[in-house]
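Novice: Have a look at this one.
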Amino acid sequence: MCNATVTAGGSTAVAVTEPAPVAPTSTHEGILRRQSLRESAARTYARSLPIVPVRARGLTIEGADGRRYLDCLSGAGTLALGHNHPVVLEAIKKVIDSGAPLHVLDLATPVKDAFTTELFATLPRALAEDARIQFCGPAGTDAVEAALKLVRTATGRSGLLAFTGAYHGMTAGALEASGGATDVRVTRLPFPHDYRCPFGIGGERGAELAARWTESLLDDPKSGVPEPAGMILEPVQGEGGVIPAPDEWLRRMRAITADRSIPLIADEVQTGVGRTGTFWGVEHSGIVPDVMVLSKAIGGSLPLAVVVYRSGLDVWRPGAHAGTFRGNQLAMAAGAATLAHVRENRLAERAATLGARMLASLQGLAAAHPCIGDVRGRGLMIGVELVDAGSAAPDALVPPPSPRLAAAVQQECLHRGLIVELGGRHAGVVRLLPPLTLTDEQAVAVLDRFADALAAAERSTQRRTDNRQSH
Ligand code: PMP
């Protein structure tokens, strides 16, 4: 049984008052063993997080081994309100009890109508006033595909402008737009990066040079850039290592694309619904994109993905982006409840305040640990880049990333009952994506466990290095 209490920040703190039913260790181990025997080699989180969740509430997951974990992975940024929030459960129950159909393709329903109304109420006004919405297959990557198809149809062009370090999903078009791809239709542009600045200077000047590079490529008739149908970017690169786009740079991207009639696509799959301290990540800069790709938190923990765009782009044909699962009623109900709860309780502001405090605390930790190369983020999307401080080349501006230490920190966190994510180009960034309902006390517990885990990981990696050197 759980007791929910509403805190001053409007967030809901959940105290678990009864111990989790303790399954015999063999159950837990048996499930993990069968998973490793039967599931694909491509499985991901399951490899670094060998836990078997059986119950969850708010920030807390309970494993089949009876252990409790503070979950700062939040379904890769999906769970704006944490696990099984009462307003989400209530919304789901209401639909089930009403006898409404659960599967309706893309037919109109009262649940979908209410979701769309709630979503439009949160969008930047200039977009909402003239917006169309396409419900997509229920993953972020499918909404990215839809956005690319939309702008290619509307402009009659095929090229795409995308950024170093980007992540947009795992289907063909989304992969093409992501940082690891080398497709000729995609022109890869430098994303400003304060710490590992491609121009070696960082700050405003680094971002300014990144913008100039984009401008000069687009205006150079011999640049070899295919005519772009659109530019796609993340307001804060998530999987790329938690890299916030500077506001001024984002405004430059808006101006550069607007001047050249290139639709600007904001991929807000991870940054949306209050995560970065504003309801949508683009609001920090005040820009209004032509297209927004939305998923993860908009489904209130159930699968849902949409693309929202200005009506002038709505020239694709009926069936241009079809799919069987575009009518998930439970996700729409859970999503509408989540959007309303975040809006009414001003959880974006809460994320901004608490996130700033957590960043400051982590920066304090960095001052005492040279293995922390950088601490960055926006709102409750936080990254700690771990580096190999001892092995920097004499002419290097910053030390190389340390994926080994990052993996050790993740494991030490898990031992201390804290679930964190890794990201970044070299998997050297520890990522914190706690729910927006995080209380002050929970934030302190998360930071304490993290600091403790970091110290332990530092000691163990140092011991291993010493041992290697002495052999
Ligand atoms: N875009 C961004 C910015 C993402 O972070 C992700 C997922 N991490 C995606 C797209 C793809 O979403 P999905 O995994 O639901 O396909």
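Scheme for the structure tokens: letters A, B, ... for chains in order shown; per-chain residue numbers from 1; ligand numbers from 1 in order shown.
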Can you list, as JSON, numbers by chain, every protein, DNA or RNA residue that comes within 10 Å of region 259-266 of chain A when you count only C-alpha atoms, leaving out same-chain residues fewer than 5 positions away?
Specialist: {"A": [144, 147, 148, 150, 151, 152, 154, 155, 157, 160, 161, 162, 218, 219, 227, 228, 229, 230, 231, 232, 233, 234, 235, 253, 254, 271, 280, 281, 282, 288, 289, 290, 291, 292, 293, 294, 307, 308, 309, 310, 313]}
Novice: Please report, as a list in words, each residue of region 131-162 of chain A to which DSSP assigns strand (DSSP E or B) when run on this structure's backbone.
Specialist: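 Reading the DSSP output for region 131-162 of chain A, strand (DSSP E or B) covers Ala131, Arg132, Ile133, Gln134, Phe135, Gly159, Leu160, Leu161 and Ala162 of chain A.
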Novice: Export N, CA and C atoms of the chosen residues as an mmCIF file, in the first residue's frame?
Specialist:
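Just written: again_37.cif:
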```cif
data_model
loop_
_atom_site.group_PDB
_atom_site.id
_atom_site.type_symbol
_atom_site.label_atom_id
_atom_site.label_comp_id
_atom_site.auth_asym_id
_atom_site.auth_seq_id
_atom_site.Cartn_x
_atom_site.Cartn_y
_atom_site.Cartn_z
ATOM 1 N N ALA A 131 -2.331 24.633 -36.158
ATOM 2 C CA ALA A 131 -1.651 23.330 -36.177
ATOM 3 C C ALA A 131 -2.521 22.211 -36.731
ATOM 4 N N ARG A 132 -1.862 21.225 -37.281
ATOM 5 C CA ARG A 132 -2.469 19.934 -37.613
ATOM 6 C C ARG A 132 -1.706 18.882 -36.820
ATOM 7 N N ILE A 133 -2.391 17.796 -36.537
ATOM 8 C CA ILE A 133 -1.724 16.702 -35.808
ATOM 9 C C ILE A 133 -1.902 15.406 -36.589
ATOM 10 N N GLN A 134 -0.825 14.634 -36.686
ATOM 11 C CA GLN A 134 -0.904 13.288 -37.256
ATOM 12 C C GLN A 134 -0.566 12.309 -36.139
ATOM 13 N N PHE A 135 -1.484 11.398 -35.854
ATOM 14 C CA PHE A 135 -1.183 10.331 -34.895
ATOM 15 C C PHE A 135 -0.390 9.259 -35.634
ATOM 16 N N GLY A 159 16.830 16.402 -49.483
ATOM 17 C CA GLY A 159 17.947 16.549 -48.540
ATOM 18 C C GLY A 159 17.458 16.847 -47.129
ATOM 19 N N LEU A 160 18.335 16.637 -46.179
ATOM 20 C CA LEU A 160 17.972 16.897 -44.781
ATOM 21 C C LEU A 160 19.181 17.472 -44.057
ATOM 22 N N LEU A 161 18.934 18.458 -43.208
ATOM 23 C CA LEU A 161 19.998 19.019 -42.367
ATOM 24 C C LEU A 161 19.836 18.439 -40.967
ATOM 25 N N ALA A 162 20.888 17.831 -40.484
ATOM 26 C CA ALA A 162 20.842 17.231 -39.141
ATOM 27 C C ALA A 162 22.196 17.471 -38.477
#
```
Novice: If DSSP is run on the backbone, what residues of region 194-334 of chain A are helix (DSSP H, G or I)? A reply as a ChimeraX atom specification would be ideal.
Specialist: /A:203-219,247-259,281-284,296-299,311-313,329-334
Novice: Taking only C-alpha atoms and all ligand atoms into account, report as a ChimeraX atom specification which residues have an atom no farther than 8 Å from an atom of ligand 1.
Specialist: /A:76-77,138-142,144,166-171,174,234,237-239,267-271,293,295-296,303,305
Novice: Near region 433-437 of chain A, within 8 Å and counting only C-alpha atoms, which residues show up once chain neighbours fewer than 3 positions away are dropped, as an mmCIF file with C-alpha atoms, in the first residue's frame?
Specialist:
```cif
data_model
loop_
_atom_site.group_PDB
_atom_site.id
_atom_site.type_symbol
_atom_site.label_atom_id
_atom_site.label_comp_id
_atom_site.auth_asym_id
_atom_site.auth_seq_id
_atom_site.Cartn_x
_atom_site.Cartn_y
_atom_site.Cartn_z
ATOM 1 C CA GLY A 10 2.723 20.419 -6.515
ATOM 2 C CA SER A 11 4.586 17.178 -6.931
ATOM 3 C CA THR A 12 3.391 13.969 -5.414
ATOM 4 C CA ALA A 13 5.651 12.199 -2.983
ATOM 5 C CA GLY A 58 6.733 7.396 -8.130
ATOM 6 C CA LEU A 59 10.510 7.332 -8.083
ATOM 7 C CA ASP A 71 14.671 5.240 -10.736
ATOM 8 C CA CYS A 72 16.444 8.142 -12.464
ATOM 9 C CA LEU A 73 16.129 6.479 -15.861
ATOM 10 C CA SER A 74 12.343 6.991 -15.911
ATOM 11 C CA ALA A 76 14.433 6.861 -20.864
ATOM 12 C CA GLY A 77 12.723 10.101 -19.939
ATOM 13 C CA LEU A 79 7.782 9.017 -16.957
ATOM 14 C CA ALA A 80 7.189 12.710 -16.306
ATOM 15 C CA LEU A 81 5.137 11.819 -13.215
ATOM 16 C CA GLY A 82 7.143 8.776 -12.192
ATOM 17 C CA GLY A 274 8.350 19.962 -18.665
ATOM 18 C CA ARG A 275 11.533 17.900 -18.687
ATOM 19 C CA LEU A 347 5.928 21.026 -12.860
ATOM 20 C CA ALA A 348 8.077 22.555 -15.611
ATOM 21 C CA ARG A 350 9.576 22.868 -10.506
ATOM 22 C CA ALA A 351 11.947 20.962 -12.854
ATOM 23 C CA LEU A 380 15.691 17.569 -14.871
ATOM 24 C CA MET A 381 17.723 16.404 -17.864
ATOM 25 C CA ILE A 382 21.181 16.234 -16.340
ATOM 26 C CA VAL A 420 20.957 5.867 -13.905
#
```
Novice: Write out as a compact mmCIF listing (two decimals) with N, CA and C atoms, in the first residue's frame each polymer residue whose atoms come within 9 Å of Asp452 (chain A), counting only C-alpha atoms; drop sequence neighbours fewer than 3 positions from it.
Specialist:
```txt
# COMPACT_ATOMS: atom_id res chain seq x y z
N GLU A 412 27.97 0.87 -9.60
CA GLU A 412 28.02 1.24 -8.16
C GLU A 412 26.70 1.91 -7.75
N CYS A 413 26.13 2.70 -8.65
CA CYS A 413 24.82 3.31 -8.36
C CYS A 413 23.79 2.21 -8.13
N ARG A 416 23.84 0.64 -4.92
CA ARG A 416 23.31 1.51 -3.86
C ARG A 416 21.83 1.83 -4.08
N LEU A 447 21.40 12.36 -5.02
CA LEU A 447 22.75 12.96 -5.11
C LEU A 447 23.72 12.28 -4.14
N ASP A 448 23.24 11.93 -2.95
CA ASP A 448 24.10 11.24 -1.98
C ASP A 448 24.56 9.90 -2.53
N ARG A 449 23.59 9.15 -3.06
CA ARG A 449 23.95 7.83 -3.59
C ARG A 449 24.91 7.98 -4.77
N ALA A 455 32.65 7.86 -5.80
CA ALA A 455 33.87 7.65 -5.02
C ALA A 455 34.29 6.18 -5.08
N ALA A 456 33.32 5.27 -4.96
CA ALA A 456 33.63 3.84 -5.00
C ALA A 456 34.16 3.43 -6.38
N ALA A 457 33.54 3.95 -7.44
CA ALA A 457 33.97 3.59 -8.80
C ALA A 457 35.37 4.13 -9.07
```
Novice: May I have a table of the residues of region 369-451 of chain A lying at most 10 Å from region 186-195 of chain A, giving each one's closest pair of atoms and their distance in Å to one decimal, counting only C-alpha atoms, ordered by chain and ascending residue number, as a tab-separated table?
Specialist:
```
residue	atom	partner	partner_atom	distance
A:Gly373	CA	A:Tyr195	CA	8.3
A:Asp374	CA	A:Tyr195	CA	6.9
A:Val375	CA	A:Tyr195	CA	9.4
A:Arg376	CA	A:Tyr195	CA	9.2
A:Glu385	CA	A:Tyr195	CA	9.5
A:Leu397	CA	A:Tyr195	CA	9.1
A:Val398	CA	A:Tyr195	CA	7.6
```
Novice: My list of candidates is A:Pro124, A:Gly383, A:Gly319, A:Gly137. Which is closest to Val306 (chain A) when distances are computed with only C-alpha atoms?
Specialist: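 Selected residue with least distance to Val306 (chain A): A:Gly137.
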